[in-house]
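**Student:** You'll find target_36.cif just under this line, and it carries mmCIF, C-alpha atoms and all ligand atoms.
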data_target
#
loop_
_atom_site.label_atom_id
_atom_site.label_comp_id
_atom_site.auth_asym_id
_atom_site.auth_seq_id
_atom_site.Cartn_x
_atom_site.Cartn_y
_atom_site.Cartn_z
CA MET A 1 56.36 -118.59 -61.08
CA THR A 2 54.27 -119.36 -64.18
CA ASN A 3 54.12 -116.91 -67.05
CA GLN A 4 50.54 -116.08 -66.27
CA GLU A 5 51.33 -115.22 -62.66
CA ASN A 6 54.23 -113.22 -63.87
CA THR A 7 52.04 -111.17 -66.22
CA LYS A 8 49.34 -110.76 -63.61
CA GLU A 9 51.83 -109.52 -61.10
CA HIS A 10 53.45 -107.26 -63.61
CA ASN A 11 50.14 -105.68 -64.57
CA LYS A 12 49.38 -104.85 -61.00
CA VAL A 13 52.59 -103.28 -59.85
CA PRO A 14 51.64 -100.36 -57.61
CA LYS A 15 52.69 -97.05 -59.07
CA HIS A 16 53.27 -95.47 -55.67
CA VAL A 17 54.44 -97.44 -52.63
CA ALA A 18 54.77 -95.67 -49.27
CA ILE A 19 56.65 -97.23 -46.37
CA ILE A 20 56.47 -96.50 -42.65
CA MET A 21 59.96 -97.70 -41.75
CA ASP A 22 59.27 -98.91 -38.20
CA GLY A 23 61.10 -101.17 -35.76
CA ASN A 24 64.68 -99.89 -35.81
CA GLY A 25 64.75 -99.52 -32.02
CA ARG A 26 63.42 -103.03 -31.39
CA TRP A 27 65.82 -104.48 -33.99
CA ALA A 28 68.72 -102.96 -32.03
CA LYS A 29 67.35 -103.98 -28.64
CA ALA A 30 67.04 -107.60 -29.77
CA ARG A 31 70.79 -107.49 -30.47
CA GLY A 32 71.78 -105.68 -27.28
CA LEU A 33 72.73 -102.59 -29.32
CA PRO A 34 71.88 -98.91 -28.76
CA ARG A 35 68.81 -97.60 -30.63
CA LEU A 36 70.93 -95.48 -32.95
CA ALA A 37 72.63 -98.64 -34.23
CA GLY A 38 69.15 -99.73 -35.31
CA HIS A 39 68.63 -96.46 -37.15
CA ARG A 40 71.98 -96.88 -38.89
CA ALA A 41 71.06 -100.42 -39.92
CA GLY A 42 67.77 -99.02 -41.18
CA THR A 43 69.52 -96.58 -43.48
CA GLU A 44 71.78 -99.34 -44.84
CA ASN A 45 68.56 -100.98 -45.92
CA LEU A 46 67.41 -97.95 -47.94
CA ARG A 47 69.84 -98.77 -50.68
CA THR A 48 68.45 -102.32 -51.07
CA ILE A 49 64.82 -101.25 -51.10
CA ILE A 50 65.30 -98.29 -53.45
CA ARG A 51 67.11 -100.49 -56.00
CA ALA A 52 64.56 -103.29 -55.67
CA SER A 53 61.70 -100.81 -56.10
CA ALA A 54 63.18 -99.46 -59.32
CA LYS A 55 63.73 -103.02 -60.54
CA PHE A 56 60.11 -104.00 -59.81
CA GLY A 57 58.82 -100.98 -61.76
CA ILE A 58 57.57 -98.86 -58.86
CA GLU A 59 57.48 -95.23 -60.01
CA VAL A 60 57.20 -93.43 -56.68
CA LEU A 61 58.56 -94.63 -53.34
CA THR A 62 57.74 -92.57 -50.25
CA LEU A 63 59.70 -93.26 -47.07
CA TYR A 64 58.52 -92.06 -43.65
CA ALA A 65 61.72 -91.27 -41.80
CA PHE A 66 60.81 -88.73 -39.09
CA SER A 67 57.36 -87.65 -37.91
CA THR A 68 56.30 -84.35 -36.35
CA GLU A 69 55.79 -86.41 -33.16
CA ASN A 70 59.32 -87.84 -33.20
CA TRP A 71 60.64 -84.56 -31.72
CA ALA A 72 59.28 -85.93 -28.44
CA ARG A 73 62.06 -88.55 -28.32
CA PRO A 74 65.17 -88.05 -26.17
CA LYS A 75 67.38 -85.27 -27.49
CA SER A 76 70.28 -87.64 -28.20
CA GLU A 77 68.10 -89.80 -30.44
CA VAL A 78 66.69 -86.77 -32.32
CA THR A 79 70.18 -85.36 -32.90
CA GLY A 80 71.41 -88.80 -33.94
CA LEU A 81 68.61 -89.12 -36.51
CA MET A 82 69.48 -85.71 -37.99
CA HIS A 83 73.12 -86.78 -38.35
CA ILE A 84 72.13 -90.08 -39.89
CA LEU A 85 70.02 -88.38 -42.57
CA ALA A 86 72.88 -86.00 -43.37
CA ASP A 87 75.28 -88.98 -43.65
CA VAL A 88 72.94 -90.90 -45.93
CA ILE A 89 72.70 -87.94 -48.30
CA ASP A 90 76.50 -87.58 -48.35
CA ARG A 91 77.01 -91.28 -48.91
CA GLU A 92 74.27 -92.15 -51.41
CA LEU A 93 73.40 -89.01 -53.36
CA MET A 94 75.79 -89.29 -56.30
CA GLU A 95 75.04 -92.94 -56.92
CA LEU A 96 71.28 -92.39 -56.70
CA HIS A 97 71.61 -89.49 -59.10
CA GLU A 98 73.58 -91.60 -61.58
CA GLU A 99 70.94 -94.31 -61.36
CA GLY A 100 68.19 -91.85 -62.30
CA ALA A 101 66.50 -91.29 -58.95
CA ARG A 102 64.66 -88.01 -58.39
CA LEU A 103 64.59 -86.99 -54.72
CA MET A 104 61.76 -85.04 -53.14
CA HIS A 105 60.88 -84.06 -49.60
CA VAL A 106 57.52 -83.76 -47.84
CA GLY A 107 57.11 -82.08 -44.46
CA HIS A 108 58.67 -78.95 -43.04
CA LEU A 109 62.33 -78.35 -43.81
CA ASP A 110 62.45 -75.34 -41.52
CA GLY A 111 62.98 -76.63 -38.02
CA LEU A 112 65.80 -78.90 -39.23
CA PRO A 113 69.45 -77.94 -38.67
CA ASN A 114 70.66 -75.50 -41.34
CA ASN A 115 73.29 -77.80 -42.83
CA LEU A 116 70.71 -80.56 -43.21
CA GLN A 117 68.25 -78.19 -44.92
CA LYS A 118 71.01 -77.25 -47.34
CA LYS A 119 71.89 -80.86 -48.11
CA VAL A 120 68.24 -81.74 -48.75
CA ARG A 121 67.69 -78.70 -51.01
CA ASN A 122 70.85 -79.50 -52.92
CA ALA A 123 69.81 -83.15 -53.42
CA ILE A 124 66.37 -82.07 -54.71
CA GLU A 125 67.88 -79.55 -57.12
CA LEU A 126 70.55 -81.95 -58.41
CA THR A 127 68.12 -84.77 -59.18
CA LYS A 128 65.05 -82.83 -60.29
CA ASP A 129 65.14 -83.98 -63.92
CA ASN A 130 65.73 -87.68 -63.22
CA LYS A 131 63.06 -90.05 -64.46
CA ARG A 132 63.73 -93.64 -63.37
CA ILE A 133 62.14 -93.50 -59.89
CA THR A 134 60.95 -90.74 -57.55
CA ILE A 135 62.03 -91.09 -53.92
CA VAL A 136 60.00 -88.97 -51.52
CA ILE A 137 61.49 -88.55 -48.05
CA ALA A 138 58.91 -87.71 -45.38
CA PHE A 139 61.04 -86.03 -42.74
CA ASN A 140 59.55 -83.74 -40.11
CA TYR A 141 56.28 -84.78 -41.72
CA GLY A 142 52.82 -85.10 -40.14
CA GLY A 143 49.54 -85.65 -41.96
CA ARG A 144 47.64 -83.24 -39.73
CA ASP A 145 50.42 -80.69 -39.98
CA GLU A 146 50.18 -80.95 -43.77
CA ILE A 147 46.40 -80.33 -43.68
CA ILE A 148 46.80 -77.36 -41.32
CA ASN A 149 49.49 -75.96 -43.61
CA ALA A 150 47.13 -76.35 -46.59
CA ILE A 151 44.27 -74.57 -44.79
CA LYS A 152 46.55 -71.69 -43.80
CA ASN A 153 47.71 -71.28 -47.39
CA MET A 154 44.16 -71.41 -48.76
CA ILE A 155 43.18 -68.64 -46.36
CA ARG A 156 46.25 -66.62 -47.34
CA ASP A 157 45.29 -67.05 -51.00
CA GLU A 158 41.71 -65.98 -50.22
CA VAL A 159 40.30 -69.11 -51.84
CA LYS A 160 36.49 -68.84 -52.25
CA PRO A 161 34.60 -71.53 -50.28
CA ASP A 162 32.67 -72.65 -53.37
CA ASN A 163 35.95 -73.30 -55.17
CA VAL A 164 37.13 -75.82 -52.58
CA ASP A 165 37.03 -79.34 -54.01
CA GLU A 166 39.29 -82.41 -53.85
CA GLU A 167 41.48 -81.21 -56.69
CA LEU A 168 42.06 -77.84 -55.09
CA VAL A 169 42.85 -79.33 -51.67
CA ASN A 170 45.22 -81.79 -53.36
CA ASN A 171 47.07 -78.89 -54.90
CA TYR A 172 47.71 -77.42 -51.45
CA MET A 173 49.29 -80.63 -50.15
CA PHE A 174 53.07 -81.21 -50.00
CA THR A 175 52.41 -84.15 -52.35
CA LYS A 176 50.59 -82.08 -54.98
CA SER A 177 52.44 -83.41 -58.00
CA LEU A 178 52.28 -87.07 -56.91
CA PRO A 179 49.71 -89.82 -57.33
CA ASP A 180 48.14 -91.16 -54.09
CA PRO A 181 49.90 -94.22 -52.64
CA ASP A 182 48.48 -97.49 -53.97
CA LEU A 183 50.16 -99.53 -51.27
CA VAL A 184 51.31 -98.53 -47.78
CA ILE A 185 53.66 -100.89 -45.95
CA ARG A 186 54.34 -100.56 -42.22
CA THR A 187 57.05 -102.87 -40.95
CA SER A 188 57.47 -104.26 -37.40
CA GLY A 189 53.91 -105.53 -36.89
CA GLU A 190 52.47 -102.23 -35.66
CA GLN A 191 49.13 -101.46 -37.31
CA ARG A 192 48.40 -97.75 -37.27
CA THR A 193 49.08 -94.73 -39.43
CA SER A 194 51.03 -92.59 -36.90
CA ASN A 195 50.06 -89.44 -38.81
CA PHE A 196 51.30 -90.60 -42.21
CA LEU A 197 49.74 -89.25 -45.44
CA THR A 198 46.33 -88.69 -43.84
CA TRP A 199 44.71 -87.04 -46.87
CA GLN A 200 46.35 -89.28 -49.49
CA THR A 201 45.78 -92.81 -48.13
CA VAL A 202 41.98 -93.00 -47.92
CA TYR A 203 41.92 -95.72 -50.61
CA SER A 204 45.42 -97.12 -50.26
CA GLU A 205 45.90 -100.82 -49.63
CA TRP A 206 47.74 -101.49 -46.35
CA TYR A 207 50.22 -104.26 -45.62
CA PHE A 208 51.80 -105.04 -42.24
CA PRO A 209 54.78 -107.41 -42.35
CA GLU A 210 56.08 -108.58 -38.96
CA VAL A 211 59.76 -107.93 -39.73
CA TYR A 212 61.56 -104.88 -38.38
CA TRP A 213 62.62 -102.31 -40.98
CA PRO A 214 66.35 -103.30 -41.11
CA ASP A 215 65.22 -106.86 -42.02
CA PHE A 216 62.74 -105.80 -44.71
CA ASN A 217 64.68 -106.97 -47.78
CA GLU A 218 64.00 -107.46 -51.49
CA GLU A 219 62.22 -110.76 -50.84
CA GLU A 220 59.91 -109.07 -48.28
CA LEU A 221 59.11 -106.35 -50.82
CA ARG A 222 58.36 -109.00 -53.43
CA LYS A 223 55.93 -110.66 -51.00
CA ALA A 224 54.24 -107.30 -50.36
CA LEU A 225 53.81 -106.70 -54.10
CA LYS A 226 52.43 -110.20 -54.62
CA ASN A 227 49.95 -109.65 -51.80
CA TYR A 228 48.90 -106.35 -53.38
CA ALA A 229 48.52 -107.90 -56.83
CA ASP A 230 46.10 -110.48 -55.42
CA ARG A 231 43.74 -107.84 -54.02
CA GLU A 232 40.73 -106.31 -55.71
CA ARG A 233 40.41 -102.56 -55.30
CA ARG A 234 36.85 -101.28 -55.43
CA PHE A 235 37.06 -97.64 -54.32
CA GLY A 236 33.55 -97.90 -52.92
CA GLY A 237 32.09 -98.99 -56.25
CA LEU A 238 30.78 -102.33 -57.48
CA LYS A 239 30.99 -103.97 -60.91
CA GLU A 240 27.69 -104.86 -62.69
CA GLU A 241 27.00 -108.57 -62.13
CA SER A 242 27.13 -110.45 -65.42
C1 LIG B 301 61.42 -96.19 -36.85
O1 LIG B 301 61.94 -97.02 -35.85
C2 LIG B 301 62.31 -95.02 -37.16
C3 LIG B 301 61.82 -93.74 -36.65
C4 LIG B 301 60.67 -93.52 -36.10
C5 LIG B 301 62.73 -92.62 -36.78
P1 LIG B 301 61.62 -96.74 -34.33
O2 LIG B 301 62.68 -95.87 -33.78
O3 LIG B 301 60.24 -96.25 -34.14
O4 LIG B 301 61.76 -98.20 -33.74
P2 LIG B 301 60.86 -98.87 -32.63
O5 LIG B 301 59.44 -98.73 -33.05
O6 LIG B 301 61.14 -98.15 -31.35
O7 LIG B 301 61.30 -100.30 -32.60
C1 LIG B 302 56.18 -93.70 -37.15
O1 LIG B 302 56.81 -94.54 -36.25
C2 LIG B 302 57.16 -92.70 -37.70
C3 LIG B 302 58.21 -93.24 -38.53
C4 LIG B 302 58.43 -94.49 -38.85
C5 LIG B 302 59.10 -92.24 -39.06
P1 LIG B 302 56.80 -94.28 -34.68
O2 LIG B 302 57.53 -95.44 -34.09
O3 LIG B 302 57.29 -92.94 -34.39
O4 LIG B 302 55.25 -94.33 -34.33
P2 LIG B 302 54.50 -94.76 -32.99
O5 LIG B 302 54.99 -93.87 -31.89
O6 LIG B 302 54.83 -96.19 -32.73
O7 LIG B 302 53.05 -94.57 -33.31
MG MG B 303 58.45 -97.13 -33.82
#
Just dump the structure as structure tokens.
Ligand code: IPE
Ligand code: IPE
Ligand code: MG

**Tutor:**
Amino acid sequence: MTNQENTKEHNKVPKHVAIIMDGNGRWAKARGLPRLAGHRAGTENLRTIIRASAKFGIEVLTLYAFSTENWARPKSEVTGLMHILADVIDRELMELHEEGARLMHVGHLDGLPNNLQKKVRNAIELTKDNKRITIVIAFNYGGRDEIINAIKNMIRDEVKPDNVDEELVNNYMFTKSLPDPDLVIRTSGEQRTSNFLTWQTVYSEWYFPEVYWPDFNEEELRKALKNYADRERRFGGLKEES
């Protein structure tokens, strides 16, 4: 890489990257393994991608781990996914904390098993002052659910219709303190949002690598960032022609 490319890339590092971690089931199937083995392999990968993100200068990394629609999967898979999240917290929390990661959650915690709720709350509390990178776990998250939740709370607060604007709606979202994602990555070749960050992604750049999530490594992330850096974001506007 030349210096110029290096600088260019560095200047255009997305502040907030959001990832739809898809393809665990197909990764496992291709190896003749049960789906849960794919989910386990997927969580092994979290470590790699979180570290690489911090190294590349990403400030916020949001990870879609369980959607409000994923409850419709077989009970054994749902229970397995709950256990896997609990295990990841047990295994990784202290190291992430020491490395300066702040953990947040978006979605509904109620509805999750009590012990898991406790682990998540504890992780958020422990890491709340960390500054190196913010990791947002979207678990039991749905974009429409988030909007419905916001509307309910606005009504409860008796918000006046004339006071409703983008800023106010933003403040009723689970993501209220966070910048919108600059780049959304969905692994596995699928190209749809599946109810992810509906309000927040209207001007995000999207990137769809073919690899399944367990195979999305540091090099794949580097490619995604390079692809992003080469894009021009216009937000509906147009520069004056010189
Ligand atoms: C993504 O992998 C993880 C979750 C949705 C929890 P999938 O489980 O959707 O894997 P595929 O899409 O079936 O391969
Ligand atoms: C989206 O993937 C949810 C997560 C990755 C957590 P799904 O695999 O559940 O989405 P669909 O069913 O293919 O749209
Ligand atoms: Mg999937």

**Student:** What are the nearest atom pairs, with distances in Å to one decimal, for all residues of chain A that come at most 7 Å from ligand LIG 301 (chain B), using all atoms listed in the file, set out by chain and rising residue number as a Markdown table?

**Tutor:**
| residue | atom | partner | partner_atom | distance |
| --- | --- | --- | --- | --- |
| A:Met21 | CA | B:LIG301 | C1 | 5.3 |
| A:Asp22 | CA | B:LIG301 | C1 | 3.7 |
| A:Gly23 | CA | B:LIG301 | O7 | 3.3 |
| A:Asn24 | CA | B:LIG301 | O4 | 4.0 |
| A:Gly25 | CA | B:LIG301 | O7 | 3.6 |
| A:Arg26 | CA | B:LIG301 | O7 | 3.7 |
| A:Trp27 | CA | B:LIG301 | O7 | 6.3 |
| A:His39 | CA | B:LIG301 | C2 | 6.5 |
| A:Ala65 | CA | B:LIG301 | C5 | 5.3 |
| A:Phe66 | CA | B:LIG301 | C5 | 4.9 |
| A:Ser67 | CA | B:LIG301 | C4 | 7.0 |
| A:Asn70 | CA | B:LIG301 | C4 | 6.5 |
| A:Leu81 | CA | B:LIG301 | C5 | 6.8 |

**Student:** Go ahead and save the residues from that selection, with C-alpha atoms, as a compact mmCIF listing (two decimals), keeping the file's coordinate frame.

**Tutor:**
# COMPACT_ATOMS: atom_id res chain seq x y z
CA MET A 21 59.96 -97.70 -41.75
CA ASP A 22 59.27 -98.91 -38.20
CA GLY A 23 61.10 -101.17 -35.76
CA ASN A 24 64.68 -99.89 -35.81
CA GLY A 25 64.75 -99.52 -32.02
CA ARG A 26 63.42 -103.03 -31.39
CA TRP A 27 65.82 -104.48 -33.99
CA HIS A 39 68.63 -96.46 -37.15
CA ALA A 65 61.72 -91.27 -41.80
CA PHE A 66 60.81 -88.73 -39.09
CA SER A 67 57.36 -87.65 -37.91
CA ASN A 70 59.32 -87.84 -33.20
CA LEU A 81 68.61 -89.12 -36.51

**Student:** Quick one: everything within 12 Å of Gln191 of chain A, counting all atoms listed in the file, minus sequence neighbours fewer than 6 positions away in the same chain. Send it as a compact mmCIF listing (two decimals) with C-alpha atoms, keeping the file's coordinate frame.

**Tutor:**
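Saved result, result-v8.txt, follows:
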# COMPACT_ATOMS: atom_id res chain seq x y z
CA ILE A 20 56.47 -96.50 -42.65
CA ASP A 22 59.27 -98.91 -38.20
CA VAL A 184 51.31 -98.53 -47.78
CA ILE A 185 53.66 -100.89 -45.95
CA TRP A 206 47.74 -101.49 -46.35
CA TYR A 207 50.22 -104.26 -45.62
CA PHE A 208 51.80 -105.04 -42.24
CA PRO A 209 54.78 -107.41 -42.35
CA GLU A 210 56.08 -108.58 -38.96

**Student:** Using all atoms listed in the file, determine which residues lie at most 10 Å from Asn149 of chain A, disregarding the query and same-chain residues fewer than 3 positions distant; provide the list as an mmCIF file with C-alpha atoms, in the frame of the given file.

**Tutor:**
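Generated file (result.cif):
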data_model
loop_
_atom_site.group_PDB
_atom_site.id
_atom_site.type_symbol
_atom_site.label_atom_id
_atom_site.label_comp_id
_atom_site.auth_asym_id
_atom_site.auth_seq_id
_atom_site.Cartn_x
_atom_site.Cartn_y
_atom_site.Cartn_z
ATOM 1 C CA GLY A 107 57.110 -82.080 -44.460
ATOM 2 C CA HIS A 108 58.670 -78.950 -43.040
ATOM 3 C CA GLY A 143 49.540 -85.650 -41.960
ATOM 4 C CA ARG A 144 47.640 -83.240 -39.730
ATOM 5 C CA ASP A 145 50.420 -80.690 -39.980
ATOM 6 C CA GLU A 146 50.180 -80.950 -43.770
ATOM 7 C CA LYS A 152 46.550 -71.690 -43.800
ATOM 8 C CA ASN A 153 47.710 -71.280 -47.390
ATOM 9 C CA MET A 154 44.160 -71.410 -48.760
ATOM 10 C CA TYR A 172 47.710 -77.420 -51.450
ATOM 11 C CA MET A 173 49.290 -80.630 -50.150
ATOM 12 C CA PHE A 174 53.070 -81.210 -50.000
#

**Student:** Quick one: distance from atom CA of Leu109 of chain A to atom CA of Thr48 of chain A in Å, one decimal?

**Tutor:**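 Answer for the atom CA of Leu109 of chain A to atom CA of Thr48 of chain A separation: 25.8 Å.
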
**Student:** To one decimal place in Å, what is the distance between atom CA of Leu178 of chain A and atom CA of Ala101 of chain A?

**Tutor:**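 Between these atoms lies a distance of 15.0 Å.
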
**Student:** Around the point (54.6, -98.3, -60.3) (coordinates from the file), which residues reach within 6 Å if we count all atoms listed in the file? Answer as an MDAnalysis selection string.

**Tutor:** chainID A and resid 13:16 57:59

**Student:** Restricting the calculation to all atoms listed in the file, which member of A:Glu219, A:Ala86, A:Val17, A:Pro181 is positioned closest to Tyr203 of chain A?

**Tutor:**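 That would be A:Pro181, the residue with the smallest distance to Tyr203 of chain A.
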
**Student:** Compile the contact shell of Leu221 of chain A as a ChimeraX atom specification: residues with an atom at most 9 Å away, counting only C-alpha atoms, same-chain residues fewer than 3 positions apart removed.

**Tutor:** /A:49,52-53,216-218,224-226

**Student:** Restrict the selected residues to C-alpha atoms and save them as a compact mmCIF listing (two decimals), keeping the file's coordinate frame.

**Tutor:**
# COMPACT_ATOMS: atom_id res chain seq x y z
CA ILE A 49 64.82 -101.25 -51.10
CA ALA A 52 64.56 -103.29 -55.67
CA SER A 53 61.70 -100.81 -56.10
CA PHE A 216 62.74 -105.80 -44.71
CA ASN A 217 64.68 -106.97 -47.78
CA GLU A 218 64.00 -107.46 -51.49
CA ALA A 224 54.24 -107.30 -50.36
CA LEU A 225 53.81 -106.70 -54.10
CA LYS A 226 52.43 -110.20 -54.62

**Student:** Pick from A:Met104, A:Ala123, A:Leu96, A:Ala229: nearest to Ala54 of chain A, with only C-alpha atoms counted?

**Tutor:**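 Closest residue, counting only C-alpha atoms: A:Leu96.
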